[in-house]
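Shown here: run_6.cif, mmCIF, N, CA and C atoms.
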```cif
data_upload
#
loop_
_atom_site.group_PDB
_atom_site.id
_atom_site.type_symbol
_atom_site.label_atom_id
_atom_site.label_comp_id
_atom_site.auth_asym_id
_atom_site.auth_seq_id
_atom_site.Cartn_x
_atom_site.Cartn_y
_atom_site.Cartn_z
ATOM 1 N N MET A 260 -13.426 -90.479 80.484
ATOM 2 C CA MET A 260 -14.537 -90.752 81.366
ATOM 3 C C MET A 260 -14.253 -90.073 82.701
ATOM 4 N N TYR A 261 -15.279 -89.447 83.245
ATOM 5 C CA TYR A 261 -15.112 -88.735 84.506
ATOM 6 C C TYR A 261 -15.404 -89.646 85.699
ATOM 7 N N PHE A 262 -14.630 -89.422 86.763
ATOM 8 C CA PHE A 262 -14.840 -90.115 88.028
ATOM 9 C C PHE A 262 -14.707 -89.115 89.162
ATOM 10 N N ILE A 263 -15.522 -89.314 90.189
ATOM 11 C CA ILE A 263 -15.407 -88.551 91.428
ATOM 12 C C ILE A 263 -14.725 -89.442 92.445
ATOM 13 N N ILE A 264 -13.688 -88.915 93.056
ATOM 14 C CA ILE A 264 -13.031 -89.588 94.172
ATOM 15 C C ILE A 264 -13.390 -88.796 95.416
ATOM 16 N N LEU A 265 -14.054 -89.450 96.347
ATOM 17 C CA LEU A 265 -14.476 -88.832 97.601
ATOM 18 C C LEU A 265 -13.759 -89.578 98.721
ATOM 19 N N ALA A 266 -12.908 -88.870 99.446
ATOM 20 C CA ALA A 266 -12.082 -89.514 100.469
ATOM 21 C C ALA A 266 -12.284 -88.822 101.812
ATOM 22 N N GLU A 267 -12.482 -89.616 102.835
ATOM 23 C CA GLU A 267 -12.681 -89.123 104.195
ATOM 24 C C GLU A 267 -11.411 -89.390 104.997
ATOM 25 N N ASP A 268 -10.885 -88.342 105.630
ATOM 26 C CA ASP A 268 -9.674 -88.500 106.440
ATOM 27 C C ASP A 268 -9.965 -89.278 107.712
ATOM 28 N N LYS A 269 -8.934 -89.954 108.215
ATOM 29 C CA LYS A 269 -9.018 -90.568 109.543
ATOM 30 C C LYS A 269 -9.115 -89.459 110.587
ATOM 31 N N ALA A 270 -9.674 -89.781 111.717
ATOM 32 C CA ALA A 270 -9.812 -88.805 112.803
ATOM 33 C C ALA A 270 -8.437 -88.297 113.235
ATOM 34 N N ASP A 271 -8.392 -87.033 113.598
ATOM 35 C CA ASP A 271 -7.181 -86.407 114.144
ATOM 36 C C ASP A 271 -5.963 -86.540 113.227
ATOM 37 N N SER A 272 -6.196 -86.442 111.920
ATOM 38 C CA SER A 272 -5.101 -86.645 110.964
ATOM 39 C C SER A 272 -4.665 -85.359 110.255
ATOM 40 N N LEU A 273 -5.111 -84.208 110.733
ATOM 41 C CA LEU A 273 -4.753 -82.958 110.067
ATOM 42 C C LEU A 273 -3.237 -82.750 109.971
ATOM 43 N N PRO A 274 -2.444 -83.057 111.020
ATOM 44 C CA PRO A 274 -0.993 -82.887 110.872
ATOM 45 C C PRO A 274 -0.406 -83.745 109.734
ATOM 46 N N LEU A 275 -0.884 -84.975 109.594
ATOM 47 C CA LEU A 275 -0.415 -85.833 108.504
ATOM 48 C C LEU A 275 -0.810 -85.228 107.162
ATOM 49 N N ARG A 276 -2.049 -84.774 107.041
ATOM 50 C CA ARG A 276 -2.518 -84.159 105.793
ATOM 51 C C ARG A 276 -1.617 -82.994 105.403
ATOM 52 N N MET A 277 -1.314 -82.142 106.350
ATOM 53 C CA MET A 277 -0.522 -80.960 106.039
ATOM 54 C C MET A 277 0.920 -81.324 105.674
ATOM 55 N N ASP A 278 1.465 -82.359 106.303
ATOM 56 C CA ASP A 278 2.822 -82.809 105.974
ATOM 57 C C ASP A 278 2.911 -83.357 104.551
ATOM 58 N N ILE A 279 1.872 -84.089 104.120
ATOM 59 C CA ILE A 279 1.877 -84.769 102.822
ATOM 60 C C ILE A 279 1.337 -83.874 101.706
ATOM 61 N N ARG A 280 0.702 -82.779 102.049
ATOM 62 C CA ARG A 280 0.027 -81.931 101.066
ATOM 63 C C ARG A 280 0.894 -81.546 99.863
ATOM 64 N N PRO A 281 2.133 -81.089 100.045
ATOM 65 C CA PRO A 281 2.929 -80.739 98.857
ATOM 66 C C PRO A 281 3.112 -81.915 97.886
ATOM 67 N N ALA A 282 3.370 -83.098 98.403
ATOM 68 C CA ALA A 282 3.526 -84.281 97.540
ATOM 69 C C ALA A 282 2.207 -84.619 96.851
ATOM 70 N N HIS A 283 1.095 -84.487 97.572
ATOM 71 C CA HIS A 283 -0.225 -84.744 96.994
ATOM 72 C C HIS A 283 -0.496 -83.783 95.836
ATOM 73 N N LEU A 284 -0.239 -82.501 96.046
ATOM 74 C CA LEU A 284 -0.484 -81.510 94.999
ATOM 75 C C LEU A 284 0.414 -81.747 93.788
ATOM 76 N N ASP A 285 1.682 -82.066 94.020
ATOM 77 C CA ASP A 285 2.604 -82.365 92.917
ATOM 78 C C ASP A 285 2.129 -83.573 92.130
ATOM 79 N N TYR A 286 1.705 -84.614 92.832
ATOM 80 C CA TYR A 286 1.221 -85.838 92.184
ATOM 81 C C TYR A 286 -0.003 -85.536 91.337
ATOM 82 N N ALA A 287 -0.982 -84.863 91.910
ATOM 83 C CA ALA A 287 -2.226 -84.578 91.195
ATOM 84 C C ALA A 287 -1.956 -83.739 89.949
ATOM 85 N N GLU A 288 -1.089 -82.754 90.068
ATOM 86 C CA GLU A 288 -0.751 -81.903 88.927
ATOM 87 C C GLU A 288 -0.030 -82.711 87.843
ATOM 88 N N ALA A 289 0.889 -83.555 88.242
ATOM 89 C CA ALA A 289 1.695 -84.322 87.287
ATOM 90 C C ALA A 289 0.877 -85.337 86.501
ATOM 91 N N GLN A 290 -0.217 -85.816 87.068
ATOM 92 C CA GLN A 290 -1.016 -86.831 86.387
ATOM 93 C C GLN A 290 -1.767 -86.275 85.181
ATOM 94 N N GLY A 291 -2.077 -84.988 85.202
ATOM 95 C CA GLY A 291 -2.725 -84.344 84.070
ATOM 96 C C GLY A 291 -4.176 -84.729 83.837
ATOM 97 N N CYS A 292 -4.818 -85.328 84.833
ATOM 98 C CA CYS A 292 -6.201 -85.778 84.646
ATOM 99 C C CYS A 292 -7.191 -85.110 85.597
ATOM 100 N N VAL A 293 -6.705 -84.254 86.471
ATOM 101 C CA VAL A 293 -7.587 -83.632 87.459
ATOM 102 C C VAL A 293 -8.338 -82.473 86.812
ATOM 103 N N VAL A 294 -9.658 -82.564 86.868
ATOM 104 C CA VAL A 294 -10.538 -81.528 86.329
ATOM 105 C C VAL A 294 -10.837 -80.485 87.406
ATOM 106 N N LEU A 295 -11.100 -80.963 88.607
ATOM 107 C CA LEU A 295 -11.457 -80.106 89.730
ATOM 108 C C LEU A 295 -11.136 -80.867 91.003
ATOM 109 N N ALA A 296 -10.598 -80.179 92.001
ATOM 110 C CA ALA A 296 -10.258 -80.868 93.250
ATOM 111 C C ALA A 296 -10.192 -79.875 94.390
ATOM 112 N N GLY A 297 -10.390 -80.381 95.593
ATOM 113 C CA GLY A 297 -10.246 -79.555 96.777
ATOM 114 C C GLY A 297 -10.591 -80.327 98.029
ATOM 115 N N PRO A 298 -10.253 -79.747 99.179
ATOM 116 C CA PRO A 298 -10.526 -80.424 100.441
ATOM 117 C C PRO A 298 -11.988 -80.298 100.855
ATOM 118 N N LEU A 299 -12.467 -81.302 101.548
ATOM 119 C CA LEU A 299 -13.751 -81.225 102.243
ATOM 120 C C LEU A 299 -13.467 -80.580 103.592
ATOM 121 N N LEU A 300 -14.310 -79.657 104.018
ATOM 122 C CA LEU A 300 -14.038 -78.887 105.230
ATOM 123 C C LEU A 300 -14.992 -79.232 106.361
ATOM 124 N N SER A 301 -14.479 -79.132 107.582
ATOM 125 C CA SER A 301 -15.314 -79.297 108.767
ATOM 126 C C SER A 301 -16.221 -78.084 108.905
ATOM 127 N N GLU A 302 -17.261 -78.216 109.675
ATOM 128 C CA GLU A 302 -18.188 -77.115 109.940
ATOM 129 C C GLU A 302 -17.633 -76.244 111.058
ATOM 130 N N GLY A 303 -18.177 -75.061 111.192
ATOM 131 C CA GLY A 303 -17.813 -74.200 112.306
ATOM 132 C C GLY A 303 -17.099 -72.939 111.863
ATOM 133 N N ASP A 304 -16.675 -72.161 112.847
ATOM 134 C CA ASP A 304 -16.055 -70.868 112.591
ATOM 135 C C ASP A 304 -14.644 -70.975 112.022
ATOM 136 N N ASP A 305 -13.975 -72.072 112.260
ATOM 137 C CA ASP A 305 -12.602 -72.260 111.790
ATOM 138 C C ASP A 305 -12.516 -73.598 111.050
ATOM 139 N N PRO A 306 -13.074 -73.672 109.821
ATOM 140 C CA PRO A 306 -13.116 -74.950 109.116
ATOM 141 C C PRO A 306 -11.722 -75.485 108.797
ATOM 142 N N LYS A 307 -11.570 -76.785 108.940
ATOM 143 C CA LYS A 307 -10.312 -77.473 108.665
ATOM 144 C C LYS A 307 -10.558 -78.575 107.640
ATOM 145 N N PRO A 308 -9.552 -78.880 106.813
ATOM 146 C CA PRO A 308 -9.687 -79.996 105.883
ATOM 147 C C PRO A 308 -9.940 -81.303 106.626
ATOM 148 N N GLN A 309 -10.875 -82.088 106.104
ATOM 149 C CA GLN A 309 -11.184 -83.385 106.711
ATOM 150 C C GLN A 309 -11.421 -84.457 105.659
ATOM 151 N N GLY A 310 -11.057 -84.170 104.429
ATOM 152 C CA GLY A 310 -11.228 -85.128 103.348
ATOM 153 C C GLY A 310 -10.932 -84.460 102.027
ATOM 154 N N SER A 311 -11.138 -85.189 100.954
ATOM 155 C CA SER A 311 -10.842 -84.685 99.619
ATOM 156 C C SER A 311 -11.936 -85.061 98.645
ATOM 157 N N LEU A 312 -12.157 -84.185 97.676
ATOM 158 C CA LEU A 312 -13.027 -84.472 96.549
ATOM 159 C C LEU A 312 -12.245 -84.125 95.287
ATOM 160 N N LEU A 313 -12.133 -85.094 94.391
ATOM 161 C CA LEU A 313 -11.465 -84.871 93.119
ATOM 162 C C LEU A 313 -12.367 -85.354 92.003
ATOM 163 N N ILE A 314 -12.426 -84.597 90.938
ATOM 164 C CA ILE A 314 -13.049 -85.049 89.701
ATOM 165 C C ILE A 314 -11.911 -85.229 88.714
ATOM 166 N N ILE A 315 -11.792 -86.448 88.202
ATOM 167 C CA ILE A 315 -10.709 -86.747 87.272
ATOM 168 C C ILE A 315 -11.283 -87.260 85.954
ATOM 169 N N ASP A 316 -10.516 -87.116 84.906
ATOM 170 C CA ASP A 316 -10.900 -87.576 83.576
ATOM 171 C C ASP A 316 -9.854 -88.602 83.142
ATOM 172 N N VAL A 317 -10.234 -89.880 83.214
ATOM 173 C CA VAL A 317 -9.332 -90.985 82.887
ATOM 174 C C VAL A 317 -10.063 -91.999 82.007
ATOM 175 N N ALA A 318 -9.341 -92.974 81.504
ATOM 176 C CA ALA A 318 -9.893 -93.931 80.543
ATOM 177 C C ALA A 318 -10.976 -94.827 81.124
ATOM 178 N N ASP A 319 -10.808 -95.284 82.371
ATOM 179 C CA ASP A 319 -11.736 -96.267 82.930
ATOM 180 C C ASP A 319 -11.598 -96.336 84.450
ATOM 181 N N ARG A 320 -12.422 -97.177 85.065
ATOM 182 C CA ARG A 320 -12.418 -97.329 86.530
ATOM 183 C C ARG A 320 -11.060 -97.790 87.043
ATOM 184 N N ALA A 321 -10.401 -98.672 86.320
ATOM 185 C CA ALA A 321 -9.087 -99.151 86.760
ATOM 186 C C ALA A 321 -8.102 -97.984 86.854
ATOM 187 N N ALA A 322 -8.141 -97.081 85.893
ATOM 188 C CA ALA A 322 -7.260 -95.906 85.932
ATOM 189 C C ALA A 322 -7.622 -95.005 87.104
ATOM 190 N N ALA A 323 -8.904 -94.837 87.375
ATOM 191 C CA ALA A 323 -9.338 -94.027 88.520
ATOM 192 C C ALA A 323 -8.868 -94.649 89.823
ATOM 193 N N MET A 324 -8.984 -95.950 89.931
ATOM 194 C CA MET A 324 -8.528 -96.646 91.136
ATOM 195 C C MET A 324 -7.017 -96.507 91.292
ATOM 196 N N GLY A 325 -6.286 -96.647 90.189
ATOM 197 C CA GLY A 325 -4.842 -96.488 90.242
ATOM 198 C C GLY A 325 -4.443 -95.089 90.681
ATOM 199 N N PHE A 326 -5.127 -94.082 90.139
ATOM 200 C CA PHE A 326 -4.861 -92.704 90.547
ATOM 201 C C PHE A 326 -5.075 -92.555 92.052
ATOM 202 N N ALA A 327 -6.208 -93.035 92.544
ATOM 203 C CA ALA A 327 -6.539 -92.900 93.966
ATOM 204 C C ALA A 327 -5.556 -93.659 94.850
ATOM 205 N N GLN A 328 -5.198 -94.862 94.473
ATOM 206 C CA GLN A 328 -4.310 -95.687 95.300
ATOM 207 C C GLN A 328 -2.893 -95.148 95.361
ATOM 208 N N ASN A 329 -2.453 -94.445 94.321
ATOM 209 C CA ASN A 329 -1.099 -93.925 94.272
ATOM 210 C C ASN A 329 -0.974 -92.487 94.755
ATOM 211 N N ASP A 330 -2.082 -91.866 95.096
ATOM 212 C CA ASP A 330 -2.054 -90.516 95.663
ATOM 213 C C ASP A 330 -1.234 -90.568 96.959
ATOM 214 N N PRO A 331 -0.289 -89.662 97.144
ATOM 215 C CA PRO A 331 0.501 -89.670 98.375
ATOM 216 C C PRO A 331 -0.330 -89.641 99.656
ATOM 217 N N TYR A 332 -1.492 -89.005 99.632
ATOM 218 C CA TYR A 332 -2.365 -89.055 100.805
ATOM 219 C C TYR A 332 -2.755 -90.492 101.117
ATOM 220 N N ALA A 333 -3.146 -91.251 100.095
ATOM 221 C CA ALA A 333 -3.550 -92.650 100.298
ATOM 222 C C ALA A 333 -2.355 -93.495 100.729
ATOM 223 N N VAL A 334 -1.217 -93.302 100.084
ATOM 224 C CA VAL A 334 -0.012 -94.066 100.412
ATOM 225 C C VAL A 334 0.395 -93.831 101.865
ATOM 226 N N ALA A 335 0.212 -92.613 102.349
ATOM 227 C CA ALA A 335 0.561 -92.271 103.731
ATOM 228 C C ALA A 335 -0.455 -92.773 104.750
ATOM 229 N N GLY A 336 -1.595 -93.302 104.287
ATOM 230 C CA GLY A 336 -2.608 -93.821 105.200
ATOM 231 C C GLY A 336 -3.529 -92.760 105.775
ATOM 232 N N LEU A 337 -3.684 -91.649 105.071
ATOM 233 C CA LEU A 337 -4.520 -90.555 105.571
ATOM 234 C C LEU A 337 -6.004 -90.902 105.616
ATOM 235 N N PHE A 338 -6.465 -91.683 104.663
ATOM 236 C CA PHE A 338 -7.904 -91.851 104.486
ATOM 237 C C PHE A 338 -8.498 -93.003 105.290
ATOM 238 N N ALA A 339 -9.659 -92.737 105.882
ATOM 239 C CA ALA A 339 -10.454 -93.768 106.542
ATOM 240 C C ALA A 339 -11.331 -94.495 105.528
ATOM 241 N N ARG A 340 -11.734 -93.759 104.478
ATOM 242 C CA ARG A 340 -12.645 -94.313 103.481
ATOM 243 C C ARG A 340 -12.443 -93.567 102.176
ATOM 244 N N VAL A 341 -12.480 -94.316 101.071
ATOM 245 C CA VAL A 341 -12.394 -93.727 99.735
ATOM 246 C C VAL A 341 -13.503 -94.328 98.888
ATOM 247 N N GLU A 342 -14.239 -93.476 98.212
ATOM 248 C CA GLU A 342 -15.317 -93.895 97.311
ATOM 249 C C GLU A 342 -15.003 -93.352 95.923
ATOM 250 N N ILE A 343 -15.161 -94.203 94.916
ATOM 251 C CA ILE A 343 -14.933 -93.793 93.534
ATOM 252 C C ILE A 343 -16.204 -94.062 92.746
ATOM 253 N N ASN A 344 -16.735 -93.017 92.117
ATOM 254 C CA ASN A 344 -17.963 -93.138 91.335
ATOM 255 C C ASN A 344 -17.762 -92.550 89.954
ATOM 256 N N SER A 345 -18.292 -93.225 88.932
ATOM 257 C CA SER A 345 -18.300 -92.612 87.613
ATOM 258 C C SER A 345 -19.282 -91.450 87.649
ATOM 259 N N TRP A 346 -19.044 -90.474 86.783
ATOM 260 C CA TRP A 346 -19.815 -89.233 86.844
ATOM 261 C C TRP A 346 -19.994 -88.681 85.443
ATOM 262 N N MET A 347 -21.155 -88.090 85.206
ATOM 263 C CA MET A 347 -21.421 -87.428 83.934
ATOM 264 C C MET A 347 -21.855 -86.002 84.216
ATOM 265 N N PRO A 348 -21.125 -85.029 83.701
ATOM 266 C CA PRO A 348 -21.536 -83.650 83.918
ATOM 267 C C PRO A 348 -22.841 -83.341 83.198
ATOM 268 N N ALA A 349 -23.681 -82.566 83.850
ATOM 269 C CA ALA A 349 -24.943 -82.156 83.244
ATOM 270 C C ALA A 349 -25.075 -80.641 83.150
ATOM 271 N N LEU A 350 -24.429 -79.930 84.067
ATOM 272 C CA LEU A 350 -24.424 -78.459 84.066
ATOM 273 C C LEU A 350 -23.007 -77.972 84.340
ATOM 274 N N GLY A 351 -22.713 -76.782 83.892
ATOM 275 C CA GLY A 351 -21.405 -76.206 84.164
ATOM 276 C C GLY A 351 -20.469 -76.324 82.982
ATOM 277 N N PRO A 352 -19.222 -75.920 83.183
ATOM 278 C CA PRO A 352 -18.280 -75.832 82.062
ATOM 279 C C PRO A 352 -17.891 -77.183 81.448
ATOM 280 N N TRP A 353 -18.159 -78.299 82.104
ATOM 281 C CA TRP A 353 -17.774 -79.605 81.561
ATOM 282 C C TRP A 353 -18.927 -80.333 80.914
ATOM 283 N N LYS A 354 -20.061 -79.655 80.786
ATOM 284 C CA LYS A 354 -21.248 -80.274 80.197
ATOM 285 C C LYS A 354 -20.969 -80.674 78.748
ATOM 286 N N PRO A 355 -21.165 -81.951 78.422
ATOM 287 C CA PRO A 355 -20.963 -82.359 77.020
ATOM 288 C C PRO A 355 -22.050 -81.792 76.122
ATOM 289 N N ASP A 356 -21.749 -81.611 74.849
ATOM 290 C CA ASP A 356 -22.744 -81.133 73.882
ATOM 291 C C ASP A 356 -23.921 -82.111 73.827
ATOM 292 N N GLY A 357 -25.111 -81.581 73.699
ATOM 293 C CA GLY A 357 -26.286 -82.416 73.539
ATOM 294 C C GLY A 357 -26.945 -82.852 74.826
ATOM 295 N N VAL A 358 -26.440 -82.440 75.977
ATOM 296 C CA VAL A 358 -27.048 -82.840 77.245
ATOM 297 C C VAL A 358 -27.974 -81.748 77.696
#
```
I'd like the structure from this file rewritten - as structure tokens, please.
Amino acid sequence: MYFIILAEDKADSLPLRMDIRPAHLDYAEAQGCVVLAGPLLSEGDDPKPQGSLLIIDVADRAAAMGFAQNDPYAVAGLFARVEINSWMPALGPWKPDGV
């Protein structure tokens, strides 16, 4: 089952994000459930990361919550807000047959 994790960084937290980034990437890779992921960027001429969007494929909401709660970014207190939504692909490479 697919879930979208949408996380908003706390204000002025870019140094923390960059410090924790290697651990976050290692964690996400090791879990084997990330379909697509990347930072949300600020607007302007020099965009900076200000949050995260991940699409993961896990058994259920509890697994999605566990993934999000154990992400090194979350453990370090980077996020001001995290939203987890179930998701069904309709277009693109993850579209299930028959949709």
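Minimum atom-to-atom distances from A:Ile279, A:Ala349, A:Val334, A:Val317 to Phe262 of chain A were compared using only N, CA and C atoms, and the lowest value belongs to A:Val317.
Selection check: the PyMOL selection byres (((chain A and resi 293 and name CA) around 10) and name CA) on the shown file gives A:Tyr261, A:Phe262, A:Ala287, A:Glu288, A:Ala289, A:Gln290, A:Gly291, A:Cys292, A:Val294, A:Leu295, A:Ala296, A:Leu313, A:Ile314, A:Ile315, A:Asp316, A:Val317, A:Phe326.
Nearest to Glu267 of chain A of all the residues A:Ala323, A:Ala318, A:Leu284, A:Ile343 is A:Ile343, based on only C-alpha atoms.
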Open item on the list: Once the PyMOL selection byres ((chain A and resi 308) around 6.5) has been evaluated on this model, what residues remain selected, and can you format them as a ChimeraX atom specification?
Closed with: /A:273,298-301,306-307,309-310
Task: Residues within 12 Å of Met324 of chain A, only C-alpha atoms, excluding chain neighbours under 3 positions, as a ChimeraX atom specification - done: /A:262-265,315,317-321,327-330,333,341-345
Open item on the list: Could you go through segment 263-358 of chain A and tell me which residues DSSP, when run on the backbone, assigns to strand (DSSP E or B), listing them as a PyMOL selection string?
Closed with: chain A and resi 263-268+293-300+308-316+338-346
Write a file of the just-selected residues containing N, CA and C atoms, as a compact mmCIF listing (two decimals), in the coordinates of the input.
```txt
# COMPACT_ATOMS: atom_id res chain seq x y z
N ILE A 263 -15.52 -89.31 90.19
CA ILE A 263 -15.41 -88.55 91.43
C ILE A 263 -14.72 -89.44 92.44
N ILE A 264 -13.69 -88.92 93.06
CA ILE A 264 -13.03 -89.59 94.17
C ILE A 264 -13.39 -88.80 95.42
N LEU A 265 -14.05 -89.45 96.35
CA LEU A 265 -14.48 -88.83 97.60
C LEU A 265 -13.76 -89.58 98.72
N ALA A 266 -12.91 -88.87 99.45
CA ALA A 266 -12.08 -89.51 100.47
C ALA A 266 -12.28 -88.82 101.81
N GLU A 267 -12.48 -89.62 102.84
CA GLU A 267 -12.68 -89.12 104.20
C GLU A 267 -11.41 -89.39 105.00
N ASP A 268 -10.88 -88.34 105.63
CA ASP A 268 -9.67 -88.50 106.44
C ASP A 268 -9.96 -89.28 107.71
N VAL A 293 -6.70 -84.25 86.47
CA VAL A 293 -7.59 -83.63 87.46
C VAL A 293 -8.34 -82.47 86.81
N VAL A 294 -9.66 -82.56 86.87
CA VAL A 294 -10.54 -81.53 86.33
C VAL A 294 -10.84 -80.48 87.41
N LEU A 295 -11.10 -80.96 88.61
CA LEU A 295 -11.46 -80.11 89.73
C LEU A 295 -11.14 -80.87 91.00
N ALA A 296 -10.60 -80.18 92.00
CA ALA A 296 -10.26 -80.87 93.25
C ALA A 296 -10.19 -79.88 94.39
N GLY A 297 -10.39 -80.38 95.59
CA GLY A 297 -10.25 -79.56 96.78
C GLY A 297 -10.59 -80.33 98.03
N PRO A 298 -10.25 -79.75 99.18
CA PRO A 298 -10.53 -80.42 100.44
C PRO A 298 -11.99 -80.30 100.86
N LEU A 299 -12.47 -81.30 101.55
CA LEU A 299 -13.75 -81.22 102.24
C LEU A 299 -13.47 -80.58 103.59
N LEU A 300 -14.31 -79.66 104.02
CA LEU A 300 -14.04 -78.89 105.23
C LEU A 300 -14.99 -79.23 106.36
N PRO A 308 -9.55 -78.88 106.81
CA PRO A 308 -9.69 -80.00 105.88
C PRO A 308 -9.94 -81.30 106.63
N GLN A 309 -10.88 -82.09 106.10
CA GLN A 309 -11.18 -83.38 106.71
C GLN A 309 -11.42 -84.46 105.66
N GLY A 310 -11.06 -84.17 104.43
CA GLY A 310 -11.23 -85.13 103.35
C GLY A 310 -10.93 -84.46 102.03
N SER A 311 -11.14 -85.19 100.95
CA SER A 311 -10.84 -84.68 99.62
C SER A 311 -11.94 -85.06 98.64
N LEU A 312 -12.16 -84.18 97.68
CA LEU A 312 -13.03 -84.47 96.55
C LEU A 312 -12.24 -84.12 95.29
N LEU A 313 -12.13 -85.09 94.39
CA LEU A 313 -11.46 -84.87 93.12
C LEU A 313 -12.37 -85.35 92.00
N ILE A 314 -12.43 -84.60 90.94
CA ILE A 314 -13.05 -85.05 89.70
C ILE A 314 -11.91 -85.23 88.71
N ILE A 315 -11.79 -86.45 88.20
CA ILE A 315 -10.71 -86.75 87.27
C ILE A 315 -11.28 -87.26 85.95
N ASP A 316 -10.52 -87.12 84.91
CA ASP A 316 -10.90 -87.58 83.58
C ASP A 316 -9.85 -88.60 83.14
N PHE A 338 -6.46 -91.68 104.66
CA PHE A 338 -7.90 -91.85 104.49
C PHE A 338 -8.50 -93.00 105.29
N ALA A 339 -9.66 -92.74 105.88
CA ALA A 339 -10.45 -93.77 106.54
C ALA A 339 -11.33 -94.50 105.53
N ARG A 340 -11.73 -93.76 104.48
CA ARG A 340 -12.64 -94.31 103.48
C ARG A 340 -12.44 -93.57 102.18
N VAL A 341 -12.48 -94.32 101.07
CA VAL A 341 -12.39 -93.73 99.74
C VAL A 341 -13.50 -94.33 98.89
N GLU A 342 -14.24 -93.48 98.21
CA GLU A 342 -15.32 -93.90 97.31
C GLU A 342 -15.00 -93.35 95.92
N ILE A 343 -15.16 -94.20 94.92
CA ILE A 343 -14.93 -93.79 93.53
C ILE A 343 -16.20 -94.06 92.75
N ASN A 344 -16.74 -93.02 92.12
CA ASN A 344 -17.96 -93.14 91.34
C ASN A 344 -17.76 -92.55 89.95
N SER A 345 -18.29 -93.22 88.93
CA SER A 345 -18.30 -92.61 87.61
C SER A 345 -19.28 -91.45 87.65
N TRP A 346 -19.04 -90.47 86.78
CA TRP A 346 -19.82 -89.23 86.84
C TRP A 346 -19.99 -88.68 85.44
```
Padded axis-aligned box of segment 304-312 of chain A (6 Å per side), centre and edge lengths, Å, one decimal, as lines of an AutoDock Vina configuration file:
```
center_x = -13.1
center_y = -78.0
center_z = 104.1
size_x = 19.1
size_y = 26.3
size_z = 29.6
```
